[in-house]
Structure formats: structure tokens, C-alpha cells
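Raw structure-v5.txt, compact mmCIF, C-alpha atoms:
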```txt
# COMPACT_ATOMS: atom_id res chain seq x y z
CA MET A 1 0.00 0.00 0.00
CA ARG A 2 2.90 2.35 0.81
CA GLU A 3 4.26 1.80 -2.69
CA LEU A 4 0.88 2.73 -4.19
CA THR A 5 0.78 5.95 -2.19
CA ILE A 6 4.30 6.85 -3.28
CA ALA A 7 3.42 5.95 -6.87
CA GLY A 8 0.61 8.51 -6.71
CA TYR A 9 3.08 11.26 -5.85
CA VAL A 10 5.40 10.09 -8.62
CA VAL A 11 2.55 10.16 -11.16
CA VAL A 12 1.67 13.73 -10.20
CA GLY A 13 5.34 14.70 -10.48
CA LEU A 14 5.62 13.09 -13.90
CA ALA A 15 2.44 14.86 -15.03
CA ALA A 16 3.97 18.18 -13.98
CA LEU A 17 7.18 17.34 -15.82
CA ALA A 18 5.26 16.32 -18.96
CA LEU A 19 3.23 19.52 -18.81
CA ALA A 20 6.38 21.63 -18.45
CA VAL A 21 8.02 19.90 -21.42
CA PHE A 22 4.88 20.05 -23.59
CA SER A 23 4.40 23.75 -22.92
CA ARG A 24 8.00 24.35 -23.98
CA LEU A 25 7.53 22.39 -27.20
CA ARG A 26 4.06 23.79 -28.04
CA PRO A 27 3.87 27.24 -26.44
CA ALA A 28 1.00 28.31 -28.69
CA ARG A 29 -1.14 25.43 -27.42
CA VAL A 30 -0.23 25.59 -23.73
CA ALA A 31 1.68 28.64 -22.51
CA PRO A 32 4.97 27.96 -20.73
CA LEU A 33 4.79 28.04 -16.94
CA GLY A 34 6.63 31.36 -16.73
CA LYS A 35 4.12 33.11 -18.97
CA ALA A 36 1.18 31.61 -17.09
CA LEU A 37 2.72 32.72 -13.79
CA ASP A 38 3.17 36.23 -15.17
CA ARG A 39 -0.55 36.40 -15.87
CA VAL A 40 -1.59 34.78 -12.59
CA PHE A 41 0.76 36.99 -10.56
CA ALA A 42 -0.83 40.10 -12.03
CA SER A 43 -3.66 39.46 -9.54
CA ARG A 44 -2.92 40.53 -5.97
CA ALA A 45 -5.14 37.78 -4.54
CA ALA A 46 -3.27 35.13 -6.51
CA ARG A 47 0.10 36.62 -5.57
CA ILE A 48 -0.72 36.64 -1.88
CA THR A 49 -2.10 33.09 -1.95
CA LEU A 50 0.83 31.60 -3.85
CA MET A 51 3.41 33.51 -1.80
CA VAL A 52 1.75 32.34 1.42
CA PHE A 53 2.02 28.74 0.16
CA TRP A 54 5.67 29.37 -0.72
CA PHE A 55 6.38 30.76 2.75
CA TRP A 56 4.51 27.90 4.43
CA LEU A 57 6.61 25.34 2.52
CA GLY A 58 9.78 26.92 3.91
CA TRP A 59 8.40 27.07 7.42
CA HIS A 60 7.01 23.54 7.24
CA PHE A 61 10.21 21.86 6.07
CA PHE A 62 12.95 23.98 7.68
CA VAL A 63 11.40 25.27 10.90
CA ALA A 64 8.39 23.23 11.97
CA GLY A 65 9.97 19.89 11.20
CA ALA A 66 7.44 18.66 8.63
CA MET B 1 -8.55 47.37 -3.58
CA GLY B 2 -6.63 45.36 -6.06
CA THR B 3 -5.00 46.78 -9.10
CA VAL B 4 -7.68 47.35 -11.71
CA PHE B 5 -6.82 49.54 -14.63
CA GLU B 6 -8.70 52.35 -16.26
CA GLY B 7 -7.28 52.49 -19.74
CA THR B 8 -5.08 50.75 -22.27
CA ASP B 9 -2.35 51.70 -24.69
CA THR B 10 -0.20 49.86 -27.16
CA SER B 11 3.56 49.85 -26.98
CA PRO B 12 5.83 49.86 -30.08
CA ASP B 13 6.10 46.06 -29.87
CA GLY B 14 2.34 45.80 -30.39
CA ARG B 15 1.58 44.63 -26.88
CA THR B 16 -1.32 46.11 -24.92
CA HIS B 17 -0.92 47.60 -21.48
CA ARG B 18 -3.50 48.73 -18.98
CA HIS B 19 -2.84 51.78 -16.87
CA GLY B 20 -4.46 53.98 -14.26
CA ARG B 21 -6.14 52.74 -11.10
CA SER B 22 -9.78 52.16 -10.43
CA ALA B 23 -11.64 51.15 -7.28
CA SER B 24 -13.93 48.74 -9.16
CA LYS B 25 -13.39 45.18 -10.30
CA THR B 26 -15.13 43.05 -12.89
CA GLY B 27 -17.39 40.22 -11.77
CA ALA B 28 -14.90 37.62 -12.97
CA GLU B 29 -12.11 39.29 -10.98
CA ARG B 30 -14.26 39.29 -7.85
CA TRP B 31 -15.03 35.58 -8.27
CA ALA B 32 -11.36 34.84 -8.79
CA ASP B 33 -10.47 36.79 -5.64
CA ALA B 34 -13.13 34.87 -3.72
CA ALA B 35 -11.68 31.58 -4.97
CA TRP B 36 -8.17 32.52 -3.79
CA LEU B 37 -9.62 33.61 -0.44
CA PHE B 38 -11.36 30.24 -0.13
CA VAL B 39 -8.08 28.43 -0.83
CA LEU B 40 -6.34 30.38 1.97
CA VAL B 41 -9.16 29.79 4.46
CA ALA B 42 -9.34 26.08 3.60
CA ALA B 43 -5.57 25.64 3.90
CA GLY B 44 -5.46 27.56 7.18
CA GLY B 45 -8.40 25.59 8.54
CA PHE B 46 -6.74 22.33 7.58
CA GLN B 47 -3.52 23.27 9.38
CA VAL B 48 -5.43 24.18 12.53
CA GLY B 49 -7.54 21.03 12.22
CA ARG B 50 -4.50 18.76 11.93
CA GLY B 51 -3.07 20.24 15.12
CA ALA B 52 -0.55 22.64 13.63
CA PRO B 53 -2.09 26.05 14.41
CA ILE B 54 1.25 27.87 14.06
CA GLU B 55 1.45 26.68 10.44
CA GLY B 56 -2.09 27.90 9.90
CA ILE B 57 -1.18 31.47 10.86
CA PRO B 58 0.29 32.54 7.47
CA PHE B 59 -2.82 31.30 5.68
CA ILE B 60 -5.16 33.03 8.12
CA LEU B 61 -3.18 36.28 7.93
CA GLY B 62 -3.22 36.08 4.13
CA ALA B 63 -6.97 35.48 4.15
CA ILE B 64 -7.56 38.42 6.50
CA ALA B 65 -5.43 40.67 4.27
CA LEU B 66 -7.37 39.61 1.18
CA ALA B 67 -10.71 40.11 2.90
CA LEU B 68 -9.78 43.57 4.17
CA ASP B 69 -8.38 44.45 0.75
CA SER B 70 -11.63 43.46 -0.93
CA LEU B 71 -13.48 45.78 1.49
CA GLY B 72 -11.13 48.60 0.55
CA TRP B 73 -9.82 48.98 4.10
CA LEU B 74 -6.18 48.58 3.10
CA ARG B 75 -6.22 51.24 0.40
CA PRO B 76 -3.59 53.37 2.20
CA LEU B 77 -1.13 50.52 1.60
CA ASN B 78 -1.68 50.59 -2.16
CA ARG B 79 1.52 52.35 -3.08
CA ALA B 80 2.84 50.97 -6.34
CA ILE B 81 6.47 49.93 -6.06
CA ALA B 82 9.16 49.16 -8.57
CA GLN B 83 9.97 45.62 -9.60
CA PRO B 84 12.56 44.18 -7.21
CA GLY B 85 15.88 44.09 -8.94
CA ALA B 86 19.38 43.15 -7.90
CA PRO B 87 22.46 41.95 -9.78
CA SER B 88 22.22 38.22 -10.26
CA TRP B 89 25.51 37.68 -8.42
CA VAL B 90 24.08 39.43 -5.35
CA VAL B 91 20.95 37.26 -5.43
CA ALA B 92 23.08 34.14 -5.92
CA ALA B 93 25.35 35.16 -3.03
CA VAL B 94 22.43 35.80 -0.66
CA ILE B 95 20.87 32.46 -1.58
CA ALA B 96 24.19 30.63 -1.19
CA VAL B 97 25.05 32.18 2.18
CA SER B 98 21.53 31.56 3.51
CA ALA B 99 21.67 27.97 2.34
CA VAL B 100 25.03 27.40 4.03
CA VAL B 101 23.64 28.90 7.26
CA ILE B 102 20.57 26.66 7.12
CA GLY B 103 22.69 23.60 6.34
CA ALA B 104 25.15 24.32 9.15
CA ALA B 105 22.64 25.39 11.79
CA PRO B 106 20.81 22.86 13.96
CA GLU B 107 17.75 21.45 12.24
CA PHE B 108 14.46 23.19 13.13
CA GLY B 109 16.26 25.66 15.41
CA TRP B 110 15.83 29.38 15.96
CA VAL B 111 18.37 30.21 13.24
CA ALA B 112 16.19 28.53 10.64
CA ALA B 113 13.14 30.32 12.02
CA VAL B 114 14.87 33.70 11.75
CA VAL B 115 16.14 33.10 8.19
CA VAL B 116 12.80 31.78 6.90
CA ALA B 117 10.87 34.56 8.64
CA ALA B 118 13.25 37.18 7.18
CA ALA B 119 12.65 35.79 3.68
CA GLY B 120 8.91 35.95 4.26
CA VAL B 121 9.02 39.52 5.55
CA ALA B 122 11.19 40.58 2.61
CA ALA B 123 8.60 39.16 0.21
CA VAL B 124 5.64 41.06 1.67
CA ARG B 125 6.19 44.43 -0.03
CA PRO B 126 6.79 43.21 -3.61
CA THR B 127 3.89 40.79 -3.18
CA TRP B 128 1.45 43.50 -2.14
CA GLY B 129 2.37 46.46 -4.31
CA ARG B 130 2.94 46.58 -8.05
CA ARG B 131 4.15 49.18 -10.49
CA GLU B 132 2.02 49.79 -13.54
CA PRO B 133 1.49 49.29 -16.40
CA GLU B 134 0.50 45.67 -16.49
CA TYR B 135 1.07 43.66 -19.64
CA LEU B 136 -2.07 42.26 -21.24
CA PRO B 137 -1.54 39.36 -23.64
CA ASP B 138 -3.47 39.26 -26.89
CA ALA B 139 -6.41 36.86 -27.46
CA GLY B 140 -4.25 34.05 -28.83
CA GLU B 141 -1.83 34.24 -25.93
CA ARG B 142 -4.69 34.38 -23.46
CA ARG B 143 -6.07 31.06 -24.73
CA GLY B 144 -2.69 29.39 -24.26
CA ILE B 145 -2.35 30.93 -20.82
CA SER B 146 -5.85 29.80 -19.83
CA ARG B 147 -5.05 26.23 -20.90
CA ALA B 148 -1.79 26.35 -18.96
CA ALA B 149 -3.54 27.70 -15.87
CA LEU B 150 -6.16 24.95 -16.06
CA CYS B 151 -3.55 22.21 -16.55
CA TRP B 152 -1.33 23.44 -13.69
CA ALA B 153 -4.36 23.88 -11.45
CA GLY B 154 -5.29 20.27 -12.27
CA VAL B 155 -1.82 19.06 -11.27
CA ALA B 156 -1.92 21.09 -8.04
CA ILE B 157 -5.41 19.87 -7.16
CA ALA B 158 -4.42 16.25 -7.87
CA LEU B 159 -1.43 16.61 -5.54
CA CYS B 160 -3.57 18.19 -2.81
CA LEU B 161 -6.24 15.48 -3.08
CA TRP B 162 -3.65 12.70 -2.96
CA GLU B 163 -1.97 14.32 0.03
CA LEU B 164 -5.33 14.79 1.77
CA ALA B 165 -6.35 11.19 1.09
CA SER B 166 -3.01 9.95 2.44
CA PHE B 167 -3.44 12.11 5.55
CA PHE B 168 -6.90 10.81 6.38
CA LEU B 169 -6.10 7.18 5.47
CA GLY B 170 -3.04 7.37 7.73
CA LEU B 171 -4.92 8.65 10.77
CA PRO B 172 -6.24 5.39 12.32
CA SER B 173 -2.90 3.85 13.38
CA ALA B 174 0.88 4.02 13.10
CA ARG B 175 0.70 1.18 10.57
CA ALA B 176 -1.82 3.10 8.46
CA ASP B 177 0.36 6.21 8.73
CA TRP B 178 3.33 4.24 7.40
CA GLU B 179 1.27 2.83 4.54
CA HIS B 180 -0.07 6.26 3.56
CA PRO B 181 2.84 8.67 3.98
CA ALA B 182 2.37 12.38 3.45
CA LEU B 183 4.72 13.97 0.95
CA SER B 184 6.40 15.71 3.89
CA ASP B 185 7.27 12.32 5.41
CA LEU B 186 8.97 11.30 2.18
CA VAL B 187 10.97 14.52 1.87
CA LYS B 188 11.94 14.75 5.56
CA PRO B 189 14.89 12.30 5.38
CA ALA B 190 16.51 14.64 2.85
CA VAL B 191 15.91 17.67 5.08
CA ASP B 192 17.62 15.79 7.92
CA GLU B 193 20.89 15.75 5.91
CA PRO B 194 22.77 19.09 6.17
CA LEU B 195 23.92 19.16 2.53
CA ALA B 196 20.55 18.19 1.10
CA ARG B 197 18.87 20.63 3.49
CA ALA B 198 21.08 23.45 2.19
CA VAL B 199 20.30 22.54 -1.43
CA LEU B 200 16.56 22.33 -0.76
CA PHE B 201 16.65 25.66 1.06
CA ALA B 202 18.46 27.29 -1.85
CA ALA B 203 15.79 25.92 -4.20
CA TRP B 204 13.04 27.28 -1.94
CA LEU B 205 14.63 30.73 -1.74
CA ALA B 206 15.28 30.83 -5.49
CA THR B 207 11.63 29.94 -6.11
CA GLY B 208 10.53 32.81 -3.89
CA TRP B 209 12.81 35.19 -5.76
CA ALA B 210 11.43 33.95 -9.09
CA PHE B 211 7.88 34.43 -7.80
CA VAL B 212 8.32 38.05 -6.70
CA ARG B 213 9.83 38.78 -10.13
CA ARG B 214 6.73 37.44 -11.93
CA GLY B 215 3.74 39.38 -13.19
CA TRP B 216 5.39 42.76 -13.76
CA GLY B 217 4.67 42.81 -17.47
CA GLU B 218 7.49 44.75 -19.05
CA SER B 219 10.16 42.24 -18.10
CA SER B 220 8.04 39.17 -18.79
```
Let me see whether you can do it: turn the structure in this file into C-alpha cells.
Amino acid sequence: MRELTIAGYVVVGLAALALAVFSRLRPARVAPLGKALDRVFASRAARITLMVFWFWLGWHFFVAGA
Amino acid sequence: MGTVFEGTDTSPDGRTHRHGRSASKTGAERWADAAWLFVLVAAGGFQVGRGAPIEGIPFILGAIALALDSLGWLRPLNRAIAQPGAPSWVVAAVIAVSAVVIGAAPEFGWVAAVVVAAAGVAAVRPTWGRREPEYLPDAGERRGISRAALCWAGVAIALCLWELASFFLGLPSARADWEHPALSDLVKPAVDEPLARAVLFAAWLATGWAFVRRGWGESS
């Protein structure tokens, strides 16, 4: 069961990798991540939310002890 | 209120920019803001519910800031600022020194708390304020960006659902917890190693720097 759970994380990671590669190869079809982030980060609400998640990741792994 | 723009112009490269500030938002922008607010409240509530109220604080503070902003109560803070800029060697040096400090310092100690908190505080101003004008992609670009946003949101939601399922399935016993590890449990052994911890911290800090540099338009 542990292997299945880990496999789920791996699948999500591979999907992200595939998406990143595809958007590089076909930018007209799916915009590269940087361009999408530029658009998303133009919104203050999105900026705050994503930056809070970024900060929490740092706190979670390096301060709180996961 | 958030940055909503009153007019547009076209630069020599043919790209459209919005400029000027307005107190009003479109319906779609209000729904999007509400969705981000919901994400913050849900994440904060989950942290408190799982017994980690300290980790819920950033989400709750972010949600409060968004709510007050939507009511227009934080308007005095709406000073547009310039895009953060520093020579790349300075950024690289700061990241490298911070990473060495985190790698050398005791794990989960006060040094790590100070460094992470300092990074968070430094990110507040460029996250809140923005200099105009904002770059508006044309219709073709917008379609590609919408597809990308949907796809990345799908990946993020899939990860969150898998993590949530693992969390709840692992609650009943230590055995169940071992069979359904959270992503944090899988990454933690790497964080325990000083060298890997330093590398991971550098990656985290570099991601934060990349984030505060996004969405400024002209440099995109």
C-alpha cells in the first residue's frame, strides 16, 4: 500500500514534468509556466495566496519539522 | 482594492498595457479573488484542524489581508512599487550564504526560524504592491495561458487530493500512517541531511525570488 501511495506522488510529479516539457515544445497550445505565472501573478489575490504557500513550505520543512 | 486599470495603450512592440487605477473590479475578478480567499481559508483551517495552528497562521493572515483588501480597508497601503531588482551575483550570493547557514545550523532551530521569517518579511512588499502598467496578452496568448492555468491547477489539485487522502487514510494507526505517507514524510529524510537541506533551502529561496519577479509585465 505504501508503494501505491508513493506511486501517486510520482505520477503527479511526472504529469507536472510532462506539462512543463509540452508547454516548452508547443507554447501556442499551452503557454509555458513562466508566462502563465506572469498572468496569474498580475492578480494581488493570486500573488498573496501563492506567496503564502511558498512561505509555508519553507516554514514547514525547515522550521516546523514537517 | 486590487490593481484594476482604467485604460489601455499599445507599446511599439504591439503589446497592450492597462494603466491607471480604479476602485472597481469586474465580476470575474471578484469571483477569482473569492476563490483565492477560499483556498487560503481552507488551507489555514486544515492546518489548525490537523493540530498545527502555528502553520495555519500565514494562511489566516493572508486570508484576513485579502478580505480587508476586498473591502477597501487597506487602500492606504496601495503604493505601487518598482519591480525588485538586484544583480544576479548578489541574489546568488544571498541564496548561497543563507543555504550554508541553514545547512550548518541545527535542524528546526531558531536560526532557521529567523532566516525563513526574514525571507517571508522581505517578500511582503513586492507581493502587495505593483508598479504599472500591467502587460495584457493578446487573445491568442490568453487562450494558451488559460489552458496552462487549467492544466497546472489540475496538477496542483491532484497533488492536494492525494496528500489529503493519504493524511486521512493514515490517521487510524501508526501502521496506516506508514502505509499512507504524506509527501512531507517522504521529503523529511533529505531535510535531515545538512547538505541536502542546504540545497533544498536554496531551491526554496530561489523559487521565492522567481515568484516576486513574476507578473510585472514589461520584463516578462
Determine, for each residue of chain A having at least one atom at most 6 Å from an atom of chain B, the closest pair of atoms and their separation in Å to one decimal, counting only C-alpha atoms; order by chain and ascending number, as a tab-separated table.
```
residue	atom	partner	partner_atom	distance
A:Met1	CA	B:Glu179	CA	5.5
A:Arg2	CA	B:Glu179	CA	4.1
A:Thr5	CA	B:His180	CA	5.8
A:Ala28	CA	B:Gly144	CA	5.9
A:Arg29	CA	B:Gly144	CA	5.3
A:Val30	CA	B:Gly144	CA	4.6
A:Ala31	CA	B:Gly144	CA	4.8
A:Ala36	CA	B:Ile145	CA	5.2
A:Asp38	CA	B:Gly215	CA	3.8
A:Arg39	CA	B:Gly215	CA	5.9
A:Phe41	CA	B:Gly215	CA	4.6
A:Ala42	CA	B:Gly215	CA	4.8
A:Ala45	CA	B:Asp33	CA	5.5
A:Phe55	CA	B:Gly120	CA	6.0
A:Phe62	CA	B:Phe108	CA	5.7
A:Val63	CA	B:Phe108	CA	4.3
A:Gly65	CA	B:Phe108	CA	5.9
A:Ala66	CA	B:Ser184	CA	5.7
```
Give me, please, the distance in Å between CA of Val101 in chain B and CA of Arg125 in chain B, quoted to one decimal. 24.5 Å
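Using all atoms listed in the file for every distance, the candidate list B:Gly44, B:Gly51, B:Gly170, B:Gly27 yields B:Gly44 as the residue closest to Thr49 in chain A.
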Residues within 9 Å of range 94-96 of chain B, only C-alpha atoms, excluding chain neighbours under 2 positions, as a PyMOL selection string: chain B and resi 89-92+98-101+198-199+201-203+205-206
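When all atoms listed in the file are used to measure the gap to Ala64 in chain A, the shortest distance among B:Ala28, B:Pro53, B:Val41, B:Ala118 belongs to B:Pro53.
CA of Val48 in chain B sits 23.9 Å away from CA of Arg175 in chain B.
A straight line drawn from CA of Ala16 in chain A to CA of Leu169 in chain B is 24.5 Å long.
Minimum atom-to-atom distances from A:Val10, A:Ala18, A:Leu57, A:Leu50 to Pro32 in chain A were compared using all atoms listed in the file, and the lowest value belongs to A:Ala18.
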